[in-house]
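In what follows, a structure is listed as structure tokens, so that the remarks can point back to it.
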Amino acid sequence: MFMDDIAGVRVLYTGDYSREEDCHLCAAEILQFSLYFSSTKMAKTITRLAEKTPEVGETVSGFLVKKVFTYQIMALDDLHVFSQLSTENISQRITIAYSGAFGVLKHRLKQIFESVESLPDEES
């Protein structure tokens with residue numbers, strides 16, 4: 001089987017090596033097209049967040065919960081009401097040895113975190 005161009009027409013040649021006449025089939029016209037896909041997700045606000053309709057462009061702060069193909073945004077305090085999950089606060093303290101200038105350290109920390117506060121030295 002091979003493709004041949006006869007008088008400007010593309011022809012598919014199928015030879016079965018029999019004594020029957022050769023069969024010539026015209027190639028199908030190939031149309032070029034483009035597919036565009038758009039994905040939009042919608043989340044419902046529930047609990048205290050649903051009491052007030054947000055304005056256009058207003059930030060909604062909450063906890064996004066996905067159940068099967070639905071999304072819900074709820075206040076973190078209401079998570080235990082609508083699921084079997086519970087919340088806990090975790091405090092962590094990290095101690096790192098540093099021998100440079102305090103001003104440089106404070107400047108670098110301000111570049112990483114939103115707010116940095118200096119605490120008075122503890123005499124222990």
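Residues in the structure tokens are numbered from 1 in each chain, the chains being A, B, ... in the order shown, and ligands are numbered from 1 in the order shown.
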Near-region 72-75 of chain A list (7 Å; only C-alpha atoms; drop same-chain fewer than 3 positions) as a ChimeraX atom specification:
/A:43-49,62-66,78-79
Pick out the residues sitting within 12 Å of region 93-105 of chain A, and hand them over as a compact mmCIF listing (two decimals) with N, CA, C and O atoms, in the first residue's frame; count only C-alpha atoms, and ignore anything fewer than 5 positions along from it in its own chain.
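The result, stored in around.txt:
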```txt
# COMPACT_ATOMS: atom_id res chain seq x y z
N LYS A 110 12.90 40.35 56.92
CA LYS A 110 11.82 41.17 56.38
C LYS A 110 11.58 40.91 54.90
O LYS A 110 10.48 41.07 54.40
N GLN A 111 12.64 40.50 54.19
CA GLN A 111 12.47 40.15 52.78
C GLN A 111 11.69 38.85 52.61
O GLN A 111 11.02 38.66 51.61
N ILE A 112 11.77 37.97 53.60
CA ILE A 112 11.12 36.67 53.51
C ILE A 112 9.70 36.71 54.09
O ILE A 112 8.76 36.22 53.49
N VAL A 116 8.31 41.42 60.93
CA VAL A 116 9.36 40.95 61.83
C VAL A 116 9.40 41.89 63.01
O VAL A 116 9.47 43.11 62.84
N GLU A 117 9.33 41.33 64.22
CA GLU A 117 9.36 42.15 65.43
C GLU A 117 10.59 41.79 66.24
O GLU A 117 10.96 40.63 66.34
N SER A 118 11.20 42.78 66.83
CA SER A 118 12.34 42.54 67.73
C SER A 118 11.82 42.44 69.16
O SER A 118 11.08 43.31 69.62
```
Quick one: distance from CA of Pro54 (chain A) to CA of Phe82 (chain A) in Å, one decimal?
22.0 Å
List the spatial neighbours of region 37-41 of chain A as an MDAnalysis selection string - criterion: any atom at most 9 Å away, only C-alpha atoms, same-chain residues fewer than 2 positions off excluded.
chainID A and resid 35 43 70:71
Could you give me, as a ChimeraX atom specification, each residue of chain A that DSSP assigns to helix (DSSP H, G or I) when run on this structure's backbone?
/A:47-51,76-82,102-112
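The gap separating CA of Glu88 (chain A) from CA of Glu51 (chain A) is 25.4 Å, in Å to one decimal.
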Quick check for you: according to DSSP on this backbone, which residues of chain A are classed as strand (DSSP E)? Reply as a PDB file with N, CA and C atoms, in the first residue's frame.
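Full text of result-v3.pdb as output:
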```
ATOM      1  N   PHE A   2       0.648   2.177  -0.912  1.00  0.00           N
ATOM      2  CA  PHE A   2       1.423   3.411  -0.944  1.00  0.00           C
ATOM      3  C   PHE A   2       0.595   4.515  -1.578  1.00  0.00           C
ATOM      4  N   MET A   3       1.022   5.772  -1.316  1.00  0.00           N
ATOM      5  CA  MET A   3       0.332   6.950  -1.825  1.00  0.00           C
ATOM      6  C   MET A   3       1.080   7.426  -3.068  1.00  0.00           C
ATOM      7  N   ASP A   4       0.307   7.808  -4.117  1.00  0.00           N
ATOM      8  CA  ASP A   4       0.910   8.279  -5.363  1.00  0.00           C
ATOM      9  C   ASP A   4       0.165   9.526  -5.807  1.00  0.00           C
ATOM     10  N   ASP A   5       0.863  10.387  -6.534  1.00  0.00           N
ATOM     11  CA  ASP A   5       0.255  11.618  -7.045  1.00  0.00           C
ATOM     12  C   ASP A   5       0.070  11.453  -8.551  1.00  0.00           C
ATOM     13  N   ILE A   6      -1.194  11.329  -8.971  1.00  0.00           N
ATOM     14  CA  ILE A   6      -1.508  11.138 -10.384  1.00  0.00           C
ATOM     15  C   ILE A   6      -2.310  12.339 -10.854  1.00  0.00           C
ATOM     16  N   VAL A   9      -3.759  14.619  -8.268  1.00  0.00           N
ATOM     17  CA  VAL A   9      -4.687  14.010  -7.314  1.00  0.00           C
ATOM     18  C   VAL A   9      -3.934  12.938  -6.541  1.00  0.00           C
ATOM     19  N   ARG A  10      -3.999  13.023  -5.228  1.00  0.00           N
ATOM     20  CA  ARG A  10      -3.342  12.000  -4.415  1.00  0.00           C
ATOM     21  C   ARG A  10      -4.199  10.737  -4.434  1.00  0.00           C
ATOM     22  N   VAL A  11      -3.555   9.622  -4.736  1.00  0.00           N
ATOM     23  CA  VAL A  11      -4.261   8.350  -4.861  1.00  0.00           C
ATOM     24  C   VAL A  11      -3.580   7.338  -3.964  1.00  0.00           C
ATOM     25  N   LEU A  12      -4.385   6.600  -3.219  1.00  0.00           N
ATOM     26  CA  LEU A  12      -3.881   5.537  -2.375  1.00  0.00           C
ATOM     27  C   LEU A  12      -3.918   4.247  -3.174  1.00  0.00           C
ATOM     28  N   TYR A  13      -2.770   3.613  -3.358  1.00  0.00           N
ATOM     29  CA  TYR A  13      -2.668   2.391  -4.138  1.00  0.00           C
ATOM     30  C   TYR A  13      -2.658   1.206  -3.191  1.00  0.00           C
ATOM     31  N   THR A  14      -3.595   0.311  -3.381  1.00  0.00           N
ATOM     32  CA  THR A  14      -3.629  -0.907  -2.579  1.00  0.00           C
ATOM     33  C   THR A  14      -3.473  -2.076  -3.531  1.00  0.00           C
ATOM     34  N   CYS A  23      -6.859  -1.456  -7.418  1.00  0.00           N
ATOM     35  CA  CYS A  23      -7.878  -0.551  -6.866  1.00  0.00           C
ATOM     36  C   CYS A  23      -7.204   0.768  -6.491  1.00  0.00           C
ATOM     37  N   HIS A  24      -7.746   1.886  -6.962  1.00  0.00           N
ATOM     38  CA  HIS A  24      -7.227   3.217  -6.631  1.00  0.00           C
ATOM     39  C   HIS A  24      -8.308   3.976  -5.866  1.00  0.00           C
ATOM     40  N   LEU A  25      -7.976   4.421  -4.686  1.00  0.00           N
ATOM     41  CA  LEU A  25      -8.918   5.185  -3.867  1.00  0.00           C
ATOM     42  C   LEU A  25      -8.394   6.603  -3.724  1.00  0.00           C
ATOM     43  N   CYS A  26      -9.258   7.603  -3.881  1.00  0.00           N
ATOM     44  CA  CYS A  26      -8.859   9.004  -3.672  1.00  0.00           C
ATOM     45  C   CYS A  26      -8.677   9.238  -2.175  1.00  0.00           C
ATOM     46  N   ALA A  43     -17.037  27.796  43.139  1.00  0.00           N
ATOM     47  CA  ALA A  43     -17.083  27.352  44.529  1.00  0.00           C
ATOM     48  C   ALA A  43     -18.206  28.094  45.232  1.00  0.00           C
ATOM     49  N   LYS A  44     -18.965  27.367  46.028  1.00  0.00           N
ATOM     50  CA  LYS A  44     -20.044  27.969  46.820  1.00  0.00           C
ATOM     51  C   LYS A  44     -19.496  28.350  48.186  1.00  0.00           C
ATOM     52  N   THR A  45     -19.920  29.497  48.683  1.00  0.00           N
ATOM     53  CA  THR A  45     -19.560  29.864  50.050  1.00  0.00           C
ATOM     54  C   THR A  45     -20.666  29.381  50.963  1.00  0.00           C
ATOM     55  N   PHE A  63     -11.627  28.443  53.740  1.00  0.00           N
ATOM     56  CA  PHE A  63     -11.025  27.140  53.567  1.00  0.00           C
ATOM     57  C   PHE A  63     -11.735  26.458  52.409  1.00  0.00           C
ATOM     58  N   LEU A  64     -11.002  26.041  51.370  1.00  0.00           N
ATOM     59  CA  LEU A  64     -11.584  25.416  50.187  1.00  0.00           C
ATOM     60  C   LEU A  64     -11.685  23.915  50.408  1.00  0.00           C
ATOM     61  N   VAL A  65     -12.911  23.377  50.278  1.00  0.00           N
ATOM     62  CA  VAL A  65     -13.166  21.952  50.462  1.00  0.00           C
ATOM     63  C   VAL A  65     -13.704  21.395  49.158  1.00  0.00           C
ATOM     64  N   LYS A  66     -13.103  20.307  48.658  1.00  0.00           N
ATOM     65  CA  LYS A  66     -13.559  19.674  47.424  1.00  0.00           C
ATOM     66  C   LYS A  66     -14.218  18.353  47.775  1.00  0.00           C
ATOM     67  N   LYS A  67     -15.473  18.206  47.360  1.00  0.00           N
ATOM     68  CA  LYS A  67     -16.198  16.953  47.526  1.00  0.00           C
ATOM     69  C   LYS A  67     -16.629  16.504  46.138  1.00  0.00           C
ATOM     70  N   THR A  70     -17.614  19.132  43.413  1.00  0.00           N
ATOM     71  CA  THR A  70     -18.093  20.419  43.904  1.00  0.00           C
ATOM     72  C   THR A  70     -17.050  21.033  44.836  1.00  0.00           C
ATOM     73  N   TYR A  71     -17.002  22.347  44.829  1.00  0.00           N
ATOM     74  CA  TYR A  71     -16.073  23.082  45.684  1.00  0.00           C
ATOM     75  C   TYR A  71     -16.879  23.974  46.620  1.00  0.00           C
ATOM     76  N   GLN A  72     -16.467  24.021  47.875  1.00  0.00           N
ATOM     77  CA  GLN A  72     -17.120  24.875  48.867  1.00  0.00           C
ATOM     78  C   GLN A  72     -16.042  25.653  49.619  1.00  0.00           C
ATOM     79  N   ILE A  73     -16.360  26.923  49.901  1.00  0.00           N
ATOM     80  CA  ILE A  73     -15.467  27.745  50.711  1.00  0.00           C
ATOM     81  C   ILE A  73     -16.176  28.011  52.030  1.00  0.00           C
ATOM     82  N   MET A  74     -15.518  27.668  53.123  1.00  0.00           N
ATOM     83  CA  MET A  74     -16.132  27.873  54.435  1.00  0.00           C
ATOM     84  C   MET A  74     -15.117  28.502  55.376  1.00  0.00           C
TER      85      MET A  74
END
```
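With CA of Met42 (chain A) on one side and CA of Val68 (chain A) on the other, the separation reads 13.2 Å.
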